[in-house]
Amino acid sequence: MTDPKLTQMYRELDRDCACFARRLSGETQGVFVPDPESEAQMRTELAGLRRRQQELKEPDRVYALVRHHMGDFLDAQGFELEEACNHPEKPYLRSFEKIEAISRLSRKPDEERAKDATSLLKELCGKKEIFLKLILERHSEKGRKETASALHKTRSRLEVLDREITGYFPEFAEAQQEMLQNALRQFCEALKEMEEELEKSVGQESESEAEEDFNRTVKMKEKEYRTLLEKRLGVSFEELLAWHREEIEKTRAEVFAIAGSLDISDPAPKTMEEVVGILNLYEGACKSPEEMYRRANTYLKRTRALAHEYVRLPEDESCVCVEAPLSCIDSYPWGGYEGGDFSVRPLRGQMFLNQCNYENISDGWIRLNALHEAYPGHHVQYIRAEVDETPETVKIGAKLVPLLEGTCLRTEKAFAFIYGEDPFFPLFVAYRRHHASVRIYVDLLLFYYGGTIGDAVKVYQEELGFEQGTARRQVEGHLNGPGYFTCYYYGMKKICQWEKEYGYTKKDFTELLFSAGYLSIECFHELAALTKEEQERYFHEFSSLKQTAR
């Protein structure tokens with residue numbers, strides 16, 4: 001039964017948790033400076049939110065689900081606070097991606113876009129000394145070296161943006177471009193000064209001492225890796241260790257079984273390279289990036305029509321395929337989804353394919369990206385998060401990646417029939433499942449077992465038949481987001497089990513997945529177990545107070 005006073009307490013806590021998260025991320029009140037005073041204040045506030053969450057009553061399964069989610073959310077915010085304090089350089093390293101997002105995604109008036117970009121750069125310039133002091137205090141010699149290198153990479157990208165300002169912001173008036181360029185140059189000078197101070201603090205490194213890239217290791221302490229998986233991502237470390245090798249054997253066997261059943265003159269493949277050879281022969285790459293984008297946008301029209309049959313979506317939404325952003329070229333070998341500015345109607349999102357790797361993006365990858373990244377995939381998730389009456393913390397998300405990526409990995413197989421004319425797409429879907437299971441092993445290899453970059457590249461070459469450049473780009477993705485790639489197969493394995501266990505139809509389960517919001521995989525399990533009437537209460541009774549005021 002619904003208790004209006006208790007529900008209001010839940011909604012108020014949801015609002016306050018969301019406000020905390022947005023301050024910590026720098027979305028409101030400027031960039032968070034993790035000095036001792038601010039850190040102590042945030043820890044005190046987080047503890048107060050935690051007490052309120054623990055004191056909430058949960059008279060039935062619906063309240064228990066929302067309370068569980070809020071606990072997940074505060075776990076994740078605790079992790080983010082630790083990250084902000086232990087890695088104070090992050091606002092500087094993310095500066096390019098934020099400016100790039102303003103260029104590619106923001107649909108605000110040009111005057112506001114120019115102000116947003118320049119204000120961020122000026123704020124970071126003004127806080128350079130305090131952040132540099134924190135970096136020097138909180139990093140070991142090795143950490144300072146790595147931070148100096150990362151700052152240099154960020155500065156190099158911003159210098160490209162400065163030189164190509166017209167390409168990034170073609171709509172800007174000359175005065176707006178000049179204002180942004182001035183801010184960019186001042187910020188790049190600040191980054192250079194930070195690099196020099198960090199390098200000075202550790203001395204010079206001779207070439208003979210520098211490690212070759214392929215011999216480098218990035219092993220984390222077990223406790224740190226476990227905490228990352230469980231507190232930030234919602235993945236069980238023990239479960240991964242228990243079954244990841246068995247799943248690799250299973251997905252590999254499925255690839256060869258399907259390949260061996262194809263009605264083609266080629267002999268049945270015995271190696272993954274031979275499987276890739278068949279896929280490239282019959283589902284080859286495009287001859288140019290332009291052809292790749294034309295083909296992708298054609299597939300998007302088909303998958304959009306499919307998604308509207310299975311998921312409740314506004315009619316004014318759309319998604320297009322574009323070039324990959326510069327920040328993703330080195331770590332997204334195939335493509336991805338970068339969202340959109342959904343504060344403006346009509347609702348427009350965009351997926352991207354890597355123009356620098358188009359020769360290795362087969363037709364199977366293009367077809368699959370139209371499903372996984374767009375319909376019914378990440379684009380649909382973003383749209384529903386914007387328009388649905390969910391709690392504000394559900395819109396932000398907590399331990400969300402297994403459900404986020406597991407849902408889209410399920411989509412690839414559940415809706416493969418959209419390409420019924422292509423007898424090779426089922427093989428590609430099986431190959432992709434194998435890819436997802438292998439990524440768990442590679443993540444463990446890098447961050448738990450202590451393998452080298454070269455070891456990880458070799459696994460991708462041998463298990464998936466990748467050429468070295470694509471394999472190295474995929475490993476770079478692991479380095480940019482430790483633990484993230486464990487989530488795809490982990491989440492998919494669980495949600496497909498529950499789909500069968502609770503007897504959902506494909507249509508009903510698809511709608512449930514996309515209406516759930518950004519929950520942890522365990523909270524989604526609780527949602528899937530609710531009755532229809534209980535689910536309706538979750539969907540409508542705990543809506544964001546912020547959204548109500550919109």
# chains A, B, ... in the order shown; residues from 1 in each chain; ligands from 1
>>> residues_around(residues="A:Pro36", least_positions_apart="4", cutoff="10 Å", atoms="only C-alpha atoms", output="list in words")
Ala40, Gln41, Met42, Cys85 and Leu134 of chain A
>>> select_by_dssp(residues="stretch 272-473 of chain A", states="strand (DSSP E)", output="PyMOL selection string")
chain A and resi 318-323+335-337+348-353
>>> write_last_selection(atoms="C-alpha atoms", output="PDB file, in the first residue's frame")
ATOM      1  CA  SER A 318      15.669  10.370 -34.189  1.00  0.00           C
ATOM      2  CA  CYS A 319      19.228   9.083 -34.325  1.00  0.00           C
ATOM      3  CA  VAL A 320      21.879   9.512 -37.011  1.00  0.00           C
ATOM      4  CA  CYS A 321      25.360   8.093 -37.591  1.00  0.00           C
ATOM      5  CA  VAL A 322      28.300  10.517 -37.667  1.00  0.00           C
ATOM      6  CA  GLU A 323      32.097  10.533 -37.518  1.00  0.00           C
ATOM      7  CA  GLY A 335      31.796   2.886 -32.849  1.00  0.00           C
ATOM      8  CA  GLY A 336      29.662   4.072 -29.962  1.00  0.00           C
ATOM      9  CA  TYR A 337      26.838   6.315 -28.862  1.00  0.00           C
ATOM     10  CA  ARG A 348      17.970  13.910 -31.520  1.00  0.00           C
ATOM     11  CA  GLY A 349      20.812  11.527 -30.692  1.00  0.00           C
ATOM     12  CA  GLN A 350      23.851  10.312 -32.549  1.00  0.00           C
ATOM     13  CA  MET A 351      25.936   7.179 -32.760  1.00  0.00           C
ATOM     14  CA  PHE A 352      29.353   7.238 -34.381  1.00  0.00           C
ATOM     15  CA  LEU A 353      31.617   4.943 -36.367  1.00  0.00           C
TER      16      LEU A 353
END
>>> select_by_dssp(residues="stretch 282-506 of chain A", states="helix (DSSP H, G or I)", output="number ranges by chain")
A: 282, 289-310, 326-328, 355-360, 363-374, 378-387, 392-396, 401-414, 416-419, 425-449, 453-464, 468-480, 484-501, 506
>>> closest_residue(among="A:Asp443, A:Glu189, A:Glu146, A:Glu174", to="A:Leu241", atoms="only C-alpha atoms")
A:Asp443
>>> closest_atom_pairs(of="stretch 254-359 of chain A", to="stretch 448-462 of chain A", cutoff="10 Å", atoms="only C-alpha atoms", output="CSV")
residue,atom,partner,partner_atom,distance
A:Thr271,CA,A:Glu462,CA,8.6
A:Met272,CA,A:Glu462,CA,7.1
A:Glu273,CA,A:Glu462,CA,7.7
>>> write_last_selection(atoms="N, CA and C atoms", output="PDB file, in the first residue's frame")
ATOM      1  N   THR A 271      40.041 -21.848 -37.135  1.00  0.00           N
ATOM      2  CA  THR A 271      40.626 -20.798 -36.297  1.00  0.00           C
ATOM      3  C   THR A 271      39.734 -19.565 -36.354  1.00  0.00           C
ATOM      4  N   MET A 272      39.891 -18.701 -35.359  1.00  0.00           N
ATOM      5  CA  MET A 272      39.083 -17.479 -35.354  1.00  0.00           C
ATOM      6  C   MET A 272      39.481 -16.560 -36.503  1.00  0.00           C
ATOM      7  N   GLU A 273      40.724 -16.610 -36.921  1.00  0.00           N
ATOM      8  CA  GLU A 273      41.139 -15.821 -38.089  1.00  0.00           C
ATOM      9  C   GLU A 273      40.379 -16.255 -39.334  1.00  0.00           C
TER      10      GLU A 273
END
>>> residues_around(residues="A:Lys494", least_positions_apart="2", cutoff="10 Å", atoms="only C-alpha atoms", output="JSON, numbers by chain")
{"A": [402, 403, 406, 407, 489, 490, 491, 492, 496, 497, 498, 499, 521, 522, 525]}
>>> atom_distance(atom1="atom CA of A:Ala64", atom2="atom CA of A:Leu527")
10.2 Å
>>> atom_distance(atom1="atom CA of A:His87", atom2="atom CA of A:Ile329")
24.2 Å
>>> residues_around(residues="stretch 162-170 of chain A", least_positions_apart="3", cutoff="7 Å", atoms="only C-alpha atoms", output="ChimeraX atom specification")
/A:103,158-159,177,181,184
>>> atom_distance(atom1="atom CA of A:Glu129", atom2="atom CA of A:Val31")
14.0 Å
